[in-house]
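Reading through the structure tokens given below for one structure.
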Amino acid sequence: MDNNILDSILGAIPQPIIAIDASERILAVNSAAVSLVGHSAMQHSYVTILRQPALLEAIEATLKDDVPRTTKYLSTDGAQDTTYKVTCRAAPGVGKSGTKAIILFFEDISQMEEVGQMRRDFVTNVSHELRTPLTALIGFIETLRGPARDDAKAATRFLNIMQDEAERMNRLVGDLMSLNRVEGNERVRPTQRVVLNDIIQSTCHSLQPLALQAGVKFEFESPELPVEIYGDSDQLTQVFTNIIGNALKYGASGGRVTLRMTTIAREAALRAPGVRLQVIDYGAGIDPVHLPRLTERFYRVDGHRSRELGGTGLGLAIVKHIINRHRGKLNIESALGKAPPSQWCCRPSRYREF
């Protein structure tokens, strides 16, 4: 095959492709592969250009027996690492000698690798979160069977701690199941019409005992007319309970939490009317360095304090998926020592006024 024709064919393919002659020199490089090997790779030995042992072995073996092979190739541009799945295949009648060439097809699998790593990290985090209370329970059971067998005061204290650890495990399992459910139906748009005013007022009412205990007062500002949207009432209640609950737990020092709901005649992101809910606390605030990671599973700004307050590290991850299902957006703004330091803004969602 004429080299110009080969170059034209390879250039029309968007994935990186490299052709290697039977003489072990690079015969052709399409434009997508230039970023991997550079413009000067042509007519150089593939051994000096593609230096990763696994890929070199696959090319050498395919040159000998024409059997297709796959391997991985790692590349970096200095800022980001990219993982490629490389398929080596023999192409008869190509090259200077007209015998054959080896065609390398590069498939970017970085996203798949990242997903796999996220799954492994998730399993590791779940195992760690469950192991801590399990270890405590096992230790206290052994103590109650041994040294504290006849110590009534110690038994009462240990049993209270064991109950707390068991409840912590129960919350974690419950949040894991909830996260699994919301991820499963994230692409299913809600069809039920719900009134946001009623859901928020109901949530505030259920959280009133926690607010009284923390010495926090609710300030609810909303439109006079009821605001109706398409949504899942239970999931929206879960969102507001989590966000308002966080404001009560971590912003109680401010003494008040402001809930502000406003309607927008035309939301740019929706090209339609929208509704925005802001949850503002006046506490110590959060260092902005933590804000981009707050919705990650098991990410905590203060892990010890979060566990003491009953947090599992999954609440905001659940909130993010529910808001995505409702075609909304979660914005978190905060700064240390500034009032108002923390603002949790849910927007936008398509709405319809009565």
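A note on labels: chains of the structure tokens are A, B, ... as shown, every chain counts residues from 1, and ligands are counted from 1 in their shown order.
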
DSSP alpha helix (DSSP H) residues within stretch 73-204 of chain A, as a ChimeraX atom specification: /A:110-145,152-184,196-204

Excluding same-chain residues fewer than 3 positions from A:Leu248, what lies within 9 Å of it counting only C-alpha atoms, as number ranges by chain? A: 207, 210-211, 214, 216, 243-245, 251-253, 255-257, 281

Going by DSSP on the backbone, which bits of stretch 35-207 of chain A are strand (DSSP E)? Write them as a VMD selection string, please. chain A and resid 69 to 76 81 to 92 100 to 108 193 to 195

Please determine, counting only C-alpha atoms, which residue among A:Ala284, A:Val115, A:Ala58, A:Val34 has the shortest atom-to-atom distance to A:Lys249.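 Residue with the minimum atom-to-atom distance to A:Lys249: A:Ala284.
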
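For the atom pair formed by atom CA of A:Gly315 and atom CA of A:Arg181, the distance is 13.4 Å, given to one decimal.
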
Near stretch 74-83 of chain A, counting only C-alpha atoms, which residues have an atom at most 9 Å away, once you skip same-chain residues fewer than 4 positions from it, shown as number ranges by chain? A: 35-36, 52, 107-111, 113

Between A:Leu55, A:Ala12, A:Met162, A:Ile229, which residue has the minimum interatomic distance to A:Val195, considering only C-alpha atoms?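 Distance minimum relative to A:Val195 lands on A:Ile229.
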
What is the atom CA of A:Thr237-atom CA of A:Val279 distance in Å, reported with one decimal?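 Separation of atom CA of A:Thr237 and atom CA of A:Val279: 14.0 Å.
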
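The interatomic distance for the pair atom CA of A:Ser31 and atom CA of A:Pro16 works out to 7.3 Å.
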
For A:Leu63, list every protein, DNA or RNA residue within 8 Å, evaluated using only C-alpha atoms, and leave out those in the same chain fewer than 3 positions away; present the list as JSON, numbers by chain. {"A": [22, 59, 60, 66, 90, 101, 102]}

Serialized selection, N, CA, C and O atoms, as a PDB file, in the first residue's frame:
```
ATOM      1  N   ALA A  22       7.796  -4.027   9.151  1.00  0.00           N
ATOM      2  CA  ALA A  22       8.464  -5.281   9.515  1.00  0.00           C
ATOM      3  C   ALA A  22       9.929  -5.051   9.861  1.00  0.00           C
ATOM      4  O   ALA A  22      10.552  -5.864  10.549  1.00  0.00           O
ATOM      5  N   ILE A  59       4.491  -5.894  20.845  1.00  0.00           N
ATOM      6  CA  ILE A  59       4.822  -5.612  19.442  1.00  0.00           C
ATOM      7  C   ILE A  59       5.769  -6.674  18.891  1.00  0.00           C
ATOM      8  O   ILE A  59       5.574  -7.207  17.787  1.00  0.00           O
ATOM      9  N   GLU A  60       6.800  -6.976  19.652  1.00  0.00           N
ATOM     10  CA  GLU A  60       7.789  -7.967  19.201  1.00  0.00           C
ATOM     11  C   GLU A  60       7.144  -9.327  18.956  1.00  0.00           C
ATOM     12  O   GLU A  60       7.416  -9.998  17.947  1.00  0.00           O
ATOM     13  N   ASP A  66       2.111 -12.891  14.246  1.00  0.00           N
ATOM     14  CA  ASP A  66       0.900 -12.250  13.707  1.00  0.00           C
ATOM     15  C   ASP A  66      -0.334 -12.432  14.598  1.00  0.00           C
ATOM     16  O   ASP A  66      -1.468 -12.180  14.155  1.00  0.00           O
ATOM     17  N   ALA A  90      -1.526  -7.418  13.177  1.00  0.00           N
ATOM     18  CA  ALA A  90      -0.709  -7.498  11.959  1.00  0.00           C
ATOM     19  C   ALA A  90      -1.549  -7.131  10.747  1.00  0.00           C
ATOM     20  O   ALA A  90      -2.713  -7.515  10.636  1.00  0.00           O
ATOM     21  N   ALA A 101       2.861  -5.020   8.335  1.00  0.00           N
ATOM     22  CA  ALA A 101       3.124  -3.989   9.343  1.00  0.00           C
ATOM     23  C   ALA A 101       2.284  -4.315  10.570  1.00  0.00           C
ATOM     24  O   ALA A 101       1.315  -5.070  10.498  1.00  0.00           O
ATOM     25  N   ILE A 102       2.688  -3.764  11.696  1.00  0.00           N
ATOM     26  CA  ILE A 102       1.926  -3.908  12.938  1.00  0.00           C
ATOM     27  C   ILE A 102       1.206  -2.588  13.199  1.00  0.00           C
ATOM     28  O   ILE A 102       1.837  -1.528  13.243  1.00  0.00           O
TER      29      ILE A 102
END
```

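Proximity to A:Arg327 was assessed for A:Val188, A:Met118, A:Ile199, A:Val194 counting only C-alpha atoms; the smallest distance is recorded for A:Val188.
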
Closest of A:Ala247, A:Ile49, A:Ile280, A:Val239 to A:Glu221 - atom-to-atom distances counting only C-alpha atoms: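 Selected residue with least distance to A:Glu221: A:Ile280.
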
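Across A:Arg120, A:Lys100, A:Arg131, A:Arg271, the tightest approach to A:Ala166 is made by A:Arg131 when counting only C-alpha atoms.
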